[in-house]
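Everything below belongs to my_file10.txt, which stores compact mmCIF, C-alpha atoms.
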```
# COMPACT_ATOMS: atom_id res chain seq x y z
CA MET A 1 -29.27 0.08 -11.37
CA LEU A 2 -27.27 3.32 -11.45
CA THR A 3 -24.93 4.17 -14.30
CA ILE A 4 -21.18 4.61 -13.73
CA PHE A 5 -21.62 8.37 -14.14
CA GLU A 6 -24.44 8.45 -11.57
CA ILE A 7 -22.34 6.47 -9.05
CA GLY A 8 -19.40 8.82 -9.61
CA ALA A 9 -21.67 11.83 -9.21
CA LEU A 10 -23.10 10.41 -5.97
CA LEU A 11 -19.64 9.86 -4.50
CA LEU A 12 -18.43 13.34 -5.46
CA VAL A 13 -21.58 15.01 -4.09
CA LEU A 14 -21.29 13.12 -0.80
CA SER A 15 -17.55 13.84 -0.58
CA ALA A 16 -18.13 17.56 -1.13
CA PHE A 17 -21.08 17.73 1.30
CA PHE A 18 -19.35 15.80 4.09
CA SER A 19 -16.13 17.77 3.56
CA TRP A 20 -18.06 21.02 3.99
CA ILE A 21 -19.78 19.82 7.17
CA ASN A 22 -16.48 18.62 8.60
CA HIS A 23 -14.63 21.83 7.76
CA ALA A 24 -17.44 24.07 9.02
CA PHE A 25 -18.43 22.20 12.17
CA LEU A 26 -16.47 19.06 13.14
CA LYS A 27 -13.02 20.42 12.21
CA LEU A 28 -11.42 16.97 12.19
CA PRO A 29 -8.51 16.20 9.83
CA HIS A 30 -10.07 16.09 6.37
CA THR A 31 -9.84 12.36 5.59
CA ILE A 32 -10.69 11.25 9.13
CA GLY A 33 -13.68 13.58 9.15
CA LEU A 34 -14.96 12.07 5.91
CA LEU A 35 -14.55 8.54 7.25
CA VAL A 36 -16.33 9.38 10.52
CA MET A 37 -19.23 11.04 8.72
CA ALA A 38 -19.56 8.18 6.23
CA LEU A 39 -19.61 5.66 9.08
CA LEU A 40 -22.23 7.68 10.97
CA ALA A 41 -24.33 7.96 7.82
CA SER A 42 -24.03 4.20 7.27
CA PHE A 43 -25.16 3.40 10.83
CA VAL A 44 -28.06 5.86 10.55
CA LEU A 45 -29.16 4.24 7.30
CA LEU A 46 -28.91 0.76 8.81
CA GLY A 47 -31.02 1.98 11.74
CA LEU A 48 -33.60 3.46 9.39
CA GLU A 49 -33.77 0.19 7.51
CA ILE A 50 -34.73 -1.58 10.73
CA ALA A 51 -37.17 1.11 11.90
CA LEU A 52 -38.71 2.07 8.55
CA PRO A 53 -38.02 -0.70 6.02
CA SER A 54 -40.56 0.73 3.56
CA LEU A 55 -38.39 3.80 2.84
CA GLY A 56 -35.98 1.84 0.66
CA LEU A 57 -33.29 4.52 1.03
CA THR A 58 -30.71 2.17 2.53
CA GLU A 59 -31.31 -0.43 -0.16
CA THR A 60 -30.83 2.17 -2.90
CA LEU A 61 -27.49 3.34 -1.51
CA ARG A 62 -26.40 -0.22 -0.75
CA GLY A 63 -27.13 -1.14 -4.34
CA ALA A 64 -25.07 1.80 -5.62
CA ILE A 65 -22.10 1.03 -3.34
CA GLY A 66 -22.43 -2.67 -4.13
CA GLN A 67 -21.92 -1.90 -7.82
CA ILE A 68 -18.44 -0.59 -7.01
CA ASP A 69 -15.70 -3.20 -7.03
CA PHE A 70 -13.71 -1.79 -4.09
CA ASN A 71 -10.66 -3.93 -4.79
CA ALA A 72 -10.49 -3.02 -8.47
CA THR A 73 -11.25 0.64 -7.75
CA VAL A 74 -8.42 0.93 -5.24
CA MET A 75 -5.80 -1.50 -6.51
CA ASN A 76 -6.33 -0.97 -10.25
CA GLY A 77 -7.42 2.66 -10.23
CA MET A 78 -6.80 5.04 -7.36
CA LEU A 79 -3.65 3.48 -5.92
CA ALA A 80 -1.31 4.28 -8.82
CA PHE A 81 -2.19 7.99 -8.77
CA LEU A 82 -2.23 8.27 -4.96
CA LEU A 83 1.19 6.62 -4.62
CA PHE A 84 2.68 8.80 -7.33
CA ALA A 85 1.22 11.95 -5.76
CA GLY A 86 2.62 10.93 -2.38
CA ALA A 87 6.08 10.04 -3.70
CA LEU A 88 6.22 13.27 -5.71
CA HIS A 89 6.41 15.32 -2.50
CA VAL A 90 8.95 13.13 -0.65
CA ASP A 91 12.49 14.43 -0.37
CA LEU A 92 14.81 11.80 -1.84
CA GLY A 93 17.70 13.11 0.23
CA PHE A 94 15.86 12.36 3.47
CA LEU A 95 14.93 8.90 2.19
CA LYS A 96 18.56 8.12 1.36
CA SER A 97 19.67 9.21 4.82
CA GLU A 98 17.21 6.75 6.38
CA LYS A 99 17.49 4.01 3.74
CA TRP A 100 18.54 1.23 6.11
CA ALA A 101 15.74 1.88 8.59
CA ILE A 102 13.16 2.22 5.80
CA GLY A 103 14.39 -0.85 3.92
CA SER A 104 14.51 -3.10 7.00
CA MET A 105 11.05 -2.08 8.24
CA ALA A 106 9.53 -2.41 4.76
CA THR A 107 10.88 -5.96 4.30
CA ILE A 108 11.94 -7.72 7.49
CA GLY A 109 9.35 -5.76 9.48
CA VAL A 110 6.47 -6.72 7.18
CA ILE A 111 7.43 -10.41 7.15
CA LEU A 112 7.93 -10.49 10.94
CA SER A 113 4.59 -8.78 11.52
CA THR A 114 2.87 -11.19 9.11
CA PHE A 115 3.90 -14.20 11.18
CA ILE A 116 3.19 -12.57 14.55
CA VAL A 117 -0.30 -11.45 13.50
CA GLY A 118 -0.98 -14.72 11.69
CA THR A 119 -0.01 -16.84 14.69
CA GLY A 120 -2.02 -14.69 17.11
CA PHE A 121 -5.04 -14.67 14.79
CA TYR A 122 -4.88 -18.46 14.47
CA PHE A 123 -5.08 -18.96 18.24
CA LEU A 124 -7.67 -16.19 18.73
CA ALA A 125 -9.99 -17.85 16.24
CA ARG A 126 -9.60 -21.21 17.97
CA ILE A 127 -10.32 -19.69 21.39
CA PHE A 128 -13.68 -18.52 20.01
CA GLY A 129 -14.40 -21.90 18.43
CA ILE A 130 -13.48 -21.03 14.83
CA GLU A 131 -11.22 -23.52 13.05
CA ILE A 132 -9.06 -21.66 10.54
CA PRO A 133 -6.01 -23.18 8.81
CA PHE A 134 -2.73 -21.55 9.81
CA ILE A 135 -1.97 -20.50 6.22
CA TRP A 136 -5.24 -18.53 6.10
CA ALA A 137 -4.35 -16.86 9.38
CA LEU A 138 -1.08 -15.84 7.71
CA VAL A 139 -3.10 -14.41 4.82
CA PHE A 140 -4.73 -12.04 7.31
CA GLY A 141 -1.30 -11.24 8.77
CA SER A 142 0.07 -10.39 5.34
CA LEU A 143 -2.75 -8.04 4.32
CA ILE A 144 -2.88 -6.14 7.63
CA SER A 145 0.87 -5.81 8.27
CA PRO A 146 1.89 -3.16 5.69
CA THR A 147 1.12 0.42 6.68
CA ASP A 148 -1.10 2.23 4.21
CA PRO A 149 0.70 5.05 2.35
CA VAL A 150 -2.57 6.83 1.55
CA ALA A 151 -3.65 6.96 5.20
CA VAL A 152 -0.14 7.67 6.52
CA LEU A 153 0.67 10.50 4.10
CA SER A 154 -2.71 12.15 4.63
CA ILE A 155 -2.15 12.21 8.41
CA LEU A 156 1.47 13.41 8.11
CA LYS A 157 0.14 16.62 6.55
CA THR A 158 -1.45 17.50 9.90
CA VAL A 159 1.47 16.55 12.19
CA ASN A 160 4.73 18.41 12.73
CA MET A 161 7.61 16.04 13.53
CA PRO A 162 11.40 15.81 12.96
CA HIS A 163 12.37 15.27 9.31
CA SER A 164 14.16 12.02 10.09
CA LEU A 165 11.02 10.51 11.66
CA GLU A 166 8.80 11.81 8.88
CA ALA A 167 11.14 10.30 6.28
CA LYS A 168 11.00 6.90 8.01
CA ILE A 169 7.21 6.85 8.27
CA ALA A 170 6.59 8.15 4.74
CA GLY A 171 9.31 6.07 3.11
CA GLU A 172 8.30 2.86 4.84
CA SER A 173 4.64 3.33 3.94
CA LEU A 174 5.50 3.94 0.29
CA PHE A 175 7.65 0.84 -0.05
CA ASN A 176 6.17 -1.70 2.36
CA ASP A 177 2.89 -1.48 0.46
CA GLY A 178 4.47 -3.08 -2.60
CA VAL A 179 6.32 -5.62 -0.48
CA GLY A 180 3.15 -6.44 1.45
CA VAL A 181 1.15 -7.07 -1.72
CA VAL A 182 3.83 -9.50 -2.91
CA VAL A 183 3.79 -11.35 0.44
CA PHE A 184 -0.02 -11.41 0.33
CA THR A 185 -0.16 -12.91 -3.16
CA ILE A 186 2.32 -15.61 -2.18
CA MET A 187 0.38 -16.51 0.98
CA VAL A 188 -2.93 -16.69 -0.90
CA ALA A 189 -1.35 -18.77 -3.66
CA ILE A 190 -0.14 -21.27 -1.05
CA ALA A 191 -3.55 -21.25 0.67
CA VAL A 192 -5.38 -21.78 -2.62
CA GLY A 193 -2.99 -24.59 -3.49
CA SER A 194 -3.74 -26.26 -0.19
CA GLY A 195 -7.28 -26.99 -1.29
CA VAL A 196 -9.31 -23.80 -0.79
CA PRO A 197 -11.87 -22.94 -3.54
CA ASP A 198 -11.46 -21.03 -6.79
CA ALA A 199 -9.09 -18.05 -6.84
CA SER A 200 -10.04 -16.80 -10.28
CA HIS A 201 -11.49 -13.56 -8.89
CA ALA A 202 -8.22 -12.46 -7.31
CA MET A 203 -6.05 -10.98 -10.03
CA ALA A 204 -2.95 -10.77 -7.89
CA VAL A 205 -3.27 -14.39 -6.83
CA ASP A 206 -3.82 -15.43 -10.41
CA ALA A 207 -0.56 -13.70 -11.33
CA VAL A 208 1.34 -15.77 -8.78
CA LEU A 209 -0.33 -18.99 -9.86
CA THR A 210 0.41 -18.22 -13.50
CA ALA A 211 4.03 -17.44 -12.71
CA GLY A 212 4.29 -20.65 -10.71
CA GLN A 213 2.87 -22.72 -13.55
CA ALA A 214 5.18 -21.02 -16.05
CA ALA A 215 8.13 -22.00 -13.89
CA GLY A 216 6.93 -25.59 -13.77
CA HIS A 217 5.42 -25.53 -10.28
CA GLY A 218 1.88 -26.38 -9.32
CA ALA A 219 0.15 -23.96 -6.94
CA ALA A 220 0.43 -26.47 -4.14
CA LYS A 221 4.12 -27.10 -4.84
CA ILE A 222 5.46 -23.57 -4.46
CA ASP A 223 8.71 -24.06 -2.54
CA ALA A 224 10.93 -21.62 -0.63
CA ALA A 225 13.23 -21.01 -3.61
CA HIS A 226 10.30 -20.23 -5.89
CA ILE A 227 8.75 -17.92 -3.30
CA ALA A 228 12.05 -16.02 -3.02
CA GLU A 229 12.26 -15.81 -6.81
CA LEU A 230 8.73 -14.43 -7.10
CA PHE A 231 9.40 -11.97 -4.29
CA PHE A 232 12.58 -10.52 -5.76
CA VAL A 233 11.32 -10.57 -9.35
CA GLU A 234 8.11 -8.72 -8.47
CA ALA A 235 9.63 -6.20 -6.07
CA GLY A 236 12.99 -5.73 -7.82
CA GLY A 237 11.45 -5.78 -11.29
CA GLY A 238 8.93 -3.15 -10.24
CA ALA A 239 11.74 -0.89 -9.01
CA VAL A 240 13.68 -1.29 -12.27
CA LEU A 241 10.58 -0.60 -14.37
CA GLY A 242 9.76 2.50 -12.33
CA ALA A 243 13.30 3.82 -12.69
CA LEU A 244 13.18 3.27 -16.46
CA THR A 245 9.80 4.93 -17.04
CA GLY A 246 10.67 7.73 -14.63
CA TRP A 247 13.86 8.43 -16.57
CA VAL A 248 11.95 8.45 -19.87
CA ALA A 249 9.43 10.94 -18.45
CA TYR A 250 12.25 13.07 -17.04
CA ARG A 251 14.03 13.26 -20.43
CA MET A 252 10.79 14.14 -22.24
CA MET A 253 9.99 16.90 -19.76
CA ALA A 254 13.54 18.29 -19.90
CA MET A 255 13.17 18.88 -23.66
CA ILE A 256 10.14 21.18 -23.40
CA ASP A 257 8.69 23.92 -21.20
CA GLU A 258 4.92 23.63 -21.42
CA HIS A 259 3.17 22.87 -18.16
CA ALA A 260 0.00 21.36 -19.69
CA ILE A 261 1.96 18.83 -21.74
CA GLU A 262 4.29 18.00 -18.85
CA ILE A 263 1.32 17.34 -16.57
CA LEU A 264 -0.10 15.10 -19.30
CA ILE A 265 3.24 13.26 -19.48
CA THR A 266 3.08 12.50 -15.75
CA LEU A 267 -0.50 11.25 -16.04
CA GLY A 268 0.45 9.01 -18.94
CA ILE A 269 3.59 7.68 -17.28
CA VAL A 270 1.75 6.81 -14.05
CA ALA A 271 -1.08 4.96 -15.79
CA GLY A 272 1.26 3.31 -18.30
CA THR A 273 3.81 2.21 -15.70
CA TYR A 274 1.20 0.68 -13.42
CA ALA A 275 -0.60 -1.09 -16.27
CA LEU A 276 2.65 -2.43 -17.72
CA ALA A 277 3.79 -3.65 -14.29
CA GLN A 278 0.55 -5.59 -13.87
CA ARG A 279 0.89 -7.09 -17.33
CA LEU A 280 4.47 -8.19 -16.58
CA HIS A 281 3.53 -9.46 -13.07
CA LEU A 282 5.79 -6.90 -11.42
CA SER A 283 4.98 -4.70 -8.43
CA GLY A 284 2.97 -1.75 -9.73
CA PRO A 285 3.01 0.11 -6.38
CA ILE A 286 6.82 0.00 -6.15
CA ALA A 287 7.15 1.00 -9.82
CA VAL A 288 5.03 4.18 -9.51
CA VAL A 289 6.70 5.14 -6.22
CA ILE A 290 10.13 5.04 -7.87
CA THR A 291 8.76 7.03 -10.82
CA GLY A 292 7.25 9.62 -8.48
CA LEU A 293 10.50 10.00 -6.51
CA LEU A 294 12.49 10.55 -9.72
CA ILE A 295 10.12 13.14 -11.17
CA GLY A 296 9.51 14.85 -7.82
CA ASN A 297 13.21 15.27 -7.13
CA LYS A 298 15.40 15.07 -10.23
CA GLY A 299 12.59 16.17 -12.55
CA ALA A 300 11.57 19.10 -10.34
CA ASN A 301 15.18 20.30 -10.01
CA PHE A 302 16.43 19.86 -13.57
CA ALA A 303 13.50 19.37 -15.98
CA MET A 304 10.89 21.93 -14.90
CA SER A 305 10.66 25.69 -14.94
CA ASP A 306 9.30 27.42 -11.85
CA ARG A 307 5.97 27.91 -13.61
CA THR A 308 5.69 24.24 -14.61
CA ARG A 309 6.72 23.10 -11.14
CA THR A 310 3.98 25.22 -9.55
CA TYR A 311 1.29 23.97 -11.92
CA LEU A 312 2.40 20.32 -11.83
CA PHE A 313 2.70 20.03 -8.06
CA GLY A 314 -0.58 21.92 -7.60
CA PHE A 315 -2.32 19.56 -10.03
CA TRP A 316 -1.12 16.43 -8.20
CA GLU A 317 -2.02 17.91 -4.82
CA MET A 318 -5.56 18.35 -6.13
CA ILE A 319 -5.65 14.80 -7.52
CA ASP A 320 -4.42 13.56 -4.14
CA GLU A 321 -7.12 15.47 -2.23
CA ILE A 322 -9.98 14.37 -4.51
CA LEU A 323 -9.03 10.68 -4.60
CA ASN A 324 -8.31 10.63 -0.86
CA SER A 325 -11.74 12.14 -0.20
CA VAL A 326 -13.54 9.55 -2.32
CA LEU A 327 -11.47 6.66 -0.92
CA PHE A 328 -12.10 7.46 2.75
CA LEU A 329 -15.78 8.08 2.01
CA LEU A 330 -15.94 4.64 0.38
CA ILE A 331 -14.27 2.98 3.37
CA GLY A 332 -16.97 4.42 5.62
CA LEU A 333 -19.84 3.51 3.30
CA GLU A 334 -18.51 0.01 2.60
CA ILE A 335 -20.01 -1.21 5.88
CA LEU A 336 -23.42 -1.07 4.13
CA VAL A 337 -22.43 -3.96 1.83
CA LEU A 338 -19.89 -5.94 3.85
CA GLY A 339 -22.47 -7.63 6.06
CA ILE A 340 -20.10 -8.06 9.03
CA SER A 341 -21.49 -10.53 11.54
CA PRO A 342 -21.74 -9.39 15.20
CA LYS A 343 -20.41 -12.80 16.28
CA PHE A 344 -16.95 -11.68 15.15
CA GLY A 345 -17.04 -8.63 17.45
CA PHE A 346 -14.69 -9.96 20.14
CA ILE A 347 -12.15 -11.19 17.59
CA MET A 348 -12.27 -7.82 15.80
CA ALA A 349 -11.58 -6.03 19.09
CA LEU A 350 -8.74 -8.35 20.12
CA CYS A 351 -7.09 -8.08 16.72
CA ILE A 352 -6.39 -4.40 17.40
CA PRO A 353 -3.87 -4.95 20.24
CA LEU A 354 -2.50 -7.96 18.36
CA VAL A 355 -1.72 -5.85 15.29
CA LEU A 356 -0.27 -3.06 17.44
CA PHE A 357 2.01 -5.54 19.23
CA ALA A 358 3.15 -6.95 15.89
CA ARG A 359 3.78 -3.43 14.63
CA PHE A 360 5.82 -2.60 17.75
CA THR A 361 7.94 -5.72 17.25
CA ALA A 362 8.35 -5.10 13.50
CA VAL A 363 9.62 -1.60 14.25
CA SER A 364 11.71 -2.23 17.35
CA VAL A 365 13.67 -5.26 16.09
CA PRO A 366 15.28 -3.55 13.05
CA MET A 367 15.52 -0.18 14.82
CA ARG A 368 17.31 -1.62 17.86
CA PHE A 369 19.70 -3.54 15.62
CA LEU A 370 20.47 -0.45 13.53
CA GLY A 371 20.77 1.51 16.78
CA LEU A 372 24.03 -0.34 17.40
CA PHE A 373 25.55 1.60 14.50
CA LYS A 374 23.77 4.96 14.56
CA SER A 375 21.54 7.04 16.81
CA PHE A 376 17.86 7.70 16.15
CA THR A 377 15.44 10.42 17.19
CA LYS A 378 14.19 10.11 20.74
CA GLY A 379 10.81 8.36 20.83
CA ALA A 380 11.19 6.96 17.30
CA ILE A 381 9.85 3.48 18.12
CA PRO A 382 6.57 4.60 19.82
CA VAL A 383 5.89 7.16 17.09
CA LEU A 384 6.61 4.68 14.28
CA THR A 385 4.44 2.08 16.02
CA TRP A 386 1.44 4.37 16.57
CA GLY A 387 1.90 6.22 13.28
CA GLY A 388 1.77 3.03 11.19
CA LEU A 389 -1.81 3.38 10.00
CA ARG A 390 -3.76 0.78 8.04
CA GLY A 391 -6.25 1.85 5.39
CA GLY A 392 -8.06 1.12 2.16
CA ILE A 393 -5.38 -1.15 0.72
CA SER A 394 -5.90 -3.72 3.50
CA VAL A 395 -9.67 -3.62 2.93
CA ALA A 396 -9.16 -3.99 -0.83
CA LEU A 397 -6.87 -7.00 -0.37
CA ALA A 398 -9.36 -8.65 2.01
CA LEU A 399 -12.17 -8.11 -0.49
CA SER A 400 -10.04 -9.65 -3.25
CA LEU A 401 -9.87 -12.99 -1.45
CA PRO A 402 -11.54 -15.91 -3.24
CA PRO A 403 -14.85 -17.07 -1.74
CA SER A 404 -14.25 -19.36 1.23
CA GLU A 405 -15.59 -20.03 4.72
CA TYR A 406 -12.69 -18.00 6.16
CA LYS A 407 -13.22 -14.80 4.18
CA PRO A 408 -16.00 -13.27 6.39
CA LEU A 409 -13.82 -13.56 9.50
CA ILE A 410 -10.75 -12.10 7.77
CA LEU A 411 -12.82 -9.27 6.30
CA ALA A 412 -14.39 -8.41 9.67
CA ALA A 413 -11.02 -8.39 11.46
CA THR A 414 -9.48 -6.27 8.70
CA TYR A 415 -12.26 -3.69 8.80
CA GLY A 416 -12.14 -3.42 12.58
CA VAL A 417 -8.38 -2.80 12.62
CA VAL A 418 -8.56 -0.29 9.74
CA ILE A 419 -11.34 1.79 11.34
CA PHE A 420 -9.52 1.88 14.69
CA SER A 421 -6.24 2.71 12.99
CA ILE A 422 -7.53 5.62 10.94
CA ILE A 423 -9.79 7.20 13.56
CA VAL A 424 -8.12 6.50 16.92
CA GLN A 425 -4.47 6.37 15.89
CA GLY A 426 -4.93 9.09 13.29
CA LEU A 427 -6.49 11.50 15.79
CA THR A 428 -3.95 10.82 18.55
CA VAL A 429 -0.64 10.49 16.67
CA LYS A 430 0.01 14.21 17.19
CA GLN A 431 -0.20 13.73 20.96
CA VAL A 432 2.15 10.74 20.75
CA VAL A 433 4.71 12.83 18.86
CA LYS A 434 4.33 15.63 21.38
CA SER A 435 4.77 13.42 24.43
CA ARG A 436 7.47 11.10 23.06
CA VAL A 437 9.63 13.34 20.89
CA ASN A 438 9.56 17.01 21.85
CA PRO A 439 6.68 19.06 23.28
CA ASP A 440 8.07 22.19 21.58
CA LEU A 441 7.44 20.72 18.13
CA LEU A 442 3.67 21.28 18.25
```
Please, can you express the file's structure as structure tokens?
Amino acid sequence: MLTIFEIGALLLVLSAFFSWINHAFLKLPHTIGLLVMALLASFVLLGLEIALPSLGLTETLRGAIGQIDFNATVMNGMLAFLLFAGALHVDLGFLKSEKWAIGSMATIGVILSTFIVGTGFYFLARIFGIEIPFIWALVFGSLISPTDPVAVLSILKTVNMPHSLEAKIAGESLFNDGVGVVVFTIMVAIAVGSGVPDASHAMAVDAVLTAGQAAGHGAAKIDAAHIAELFFVEAGGGAVLGALTGWVAYRMMAMIDEHAIEILITLGIVAGTYALAQRLHLSGPIAVVITGLLIGNKGANFAMSDRTRTYLFGFWEMIDEILNSVLFLLIGLEILVLGISPKFGFIMALCIPLVLFARFTAVSVPMRFLGLFKSFTKGAIPVLTWGGLRGGISVALALSLPPSEYKPLILAATYGVVIFSIIVQGLTVKQVVKSRVNPDLL
């Protein structure tokens, strides 16, 4: 049994070593390179376990990775800092100019995609002889529909595209994550209420069940009005909390000019906002995104000296790089402990076009409606469809599901879509932008 320090040291050593190999030889985008190398290392170790079981190397690493609670590490640790770091660098002016497109894709788009994926997944499972309740198919739809801000923002650093398109992709990924988590918790609460085993291991689900009981509803009796109430309280309350804590941080930073203390203020406000949001059953992701936008725009313009701005933005860029490196390494190594059954292979493969079709629909419906009132960049729909990457958040949500006979299938399908999304879509999104928008951009 390794200590927490030894596990952390192992992850940092592997991240540094794989990053060096990728930069020196493979020359893939940093996060994709780490994921590819971690996957290759995992497959090599699994092969060695079959060929030379006496080595025990695979079992040692599997034991170390197995000690890491991926869901808690991502959702209750890394995510707050990664979302803040991403939001810090987003231009609020561009977001405002694309607010209707971003808002519609992050809400209507996520819900539409949830039902398209869920329905398709339900029938796919039945075709292959697997009986899965429709509500559990919708659970898969809800966790795979939001684009992952961590994956999206890391890829956007390597792609040159029009500011309006970049604002849509970045803004949607920042906000639909919070919306998607709310939809996911509601779907799981309904599924648990319909007779599926214990949900005590899923903190987010427990929050919904607790809120439902406090409002006088049993888990199985959550109605449409209560779902709407939970949705708007969590998402809207998270936005209000983020605006409040962001304003407090802004006022504190405006009163001083000391970069070390101001960096410490941002660290404290991120951790405190996210923790408080969880305690109040509000959306932590939305809260820290709002805080990051306020500090990155209003705070940078009116509360920081040039020296502080340089240090603070440099610090958060470094935090972003380190956490991204560890996260994508973990996604690749997680295959050692997931135990994905080969019998789900065909469903995993067919879920990829299903999710892409749902993404296309979720983008094109609101975009074509808004297109009646304003014009959009040429090729916006294909780029938004292909650039909507899935990542660690989907895997974390799948791992948070309570034990049930449906969890292995959902986990396998999630992992297959995420790996395809990050590697294939991530490596080719530049070509999609080039062919669909403007060849002169690249």
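As for atom CA of A:Leu12 and atom CA of A:Val417, they are spaced 26.2 Å apart.
Going from atom CA of A:Leu411 to atom CA of A:Val44 covers 21.9 Å.
Between atom CA of A:Val139 and atom CA of A:Tyr406 the interatomic distance comes to 10.3 Å.
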Contacts of A:Ala85 at 8 Å (all atoms listed in the file; same-chain gap of 6+ positions) as a ChimeraX atom specification: /A:292,316-317,319-320
Dump as a tab-separated table the rows for residues of stretch 349-380 of chain A within 12 Å of stretch 421-435 of chain A: closest atom pair and distance in Å with one decimal, only C-alpha atoms counted, ordered by chain and rising residue number.
```
residue	atom	partner	partner_atom	distance
A:Ala349	CA	A:Ser421	CA	11.9
A:Cys351	CA	A:Ser421	CA	11.4
A:Ile352	CA	A:Ser421	CA	8.4
A:Pro353	CA	A:Ser421	CA	10.8
A:Val355	CA	A:Ser421	CA	9.9
A:Leu356	CA	A:Ser421	CA	9.4
A:Arg359	CA	A:Ser421	CA	11.9
A:Thr377	CA	A:Val433	CA	11.1
A:Lys378	CA	A:Val433	CA	10.0
A:Gly379	CA	A:Val433	CA	7.8
A:Ala380	CA	A:Val433	CA	8.9
```
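Among the candidates A:Val36, A:Phe346, A:Ile419, A:Gly129, the residue lying nearest to A:Asn22 is A:Val36 (atoms considered: all atoms listed in the file).
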Spatial neighbours of A:Ala170, 7 Å, only C-alpha atoms, chain gap at least 3 places, as number ranges by chain: A: 152-153, 166-167, 173-174
Pick from A:Leu83, A:Leu28, A:Leu372, A:Ile65 nearest to A:Ile155, counting all atoms listed in the file: A:Leu28
10 Å contact set for A:Leu327, only C-alpha atoms, chain neighbours under 3 positions out, as a PyMOL selection string: chain A and resi 11+15+31+34-35+70+73-74+78-79+150-151+321-324+330-333+391-392
Residues within 10 Å of (-24.4, 3.2, -12.6), file coords, only C-alpha atoms, listed as a ChimeraX atom specification: /A:1-10,63-65,67-68
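Comparing A:Ala228, A:Ala362, A:Leu336, A:Ile127 by their smallest distance to A:Glu49, the closest is A:Leu336 (using all atoms listed in the file).
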Option closest in space to A:Ile335, from A:Ala189, A:Ala412, A:Val110, A:Leu312 [counting only C-alpha atoms]: A:Ala412
Stretch 265-277 of chain A environment, 9 Å, only C-alpha atoms, sequence neighbours closer than 2 positions dropped, as a PyMOL selection string: chain A and resi 76-77+80-81+84+234+237-238+241-242+245-246+248-249+252-253+260-263+279-285+287-288+291-292+295+312
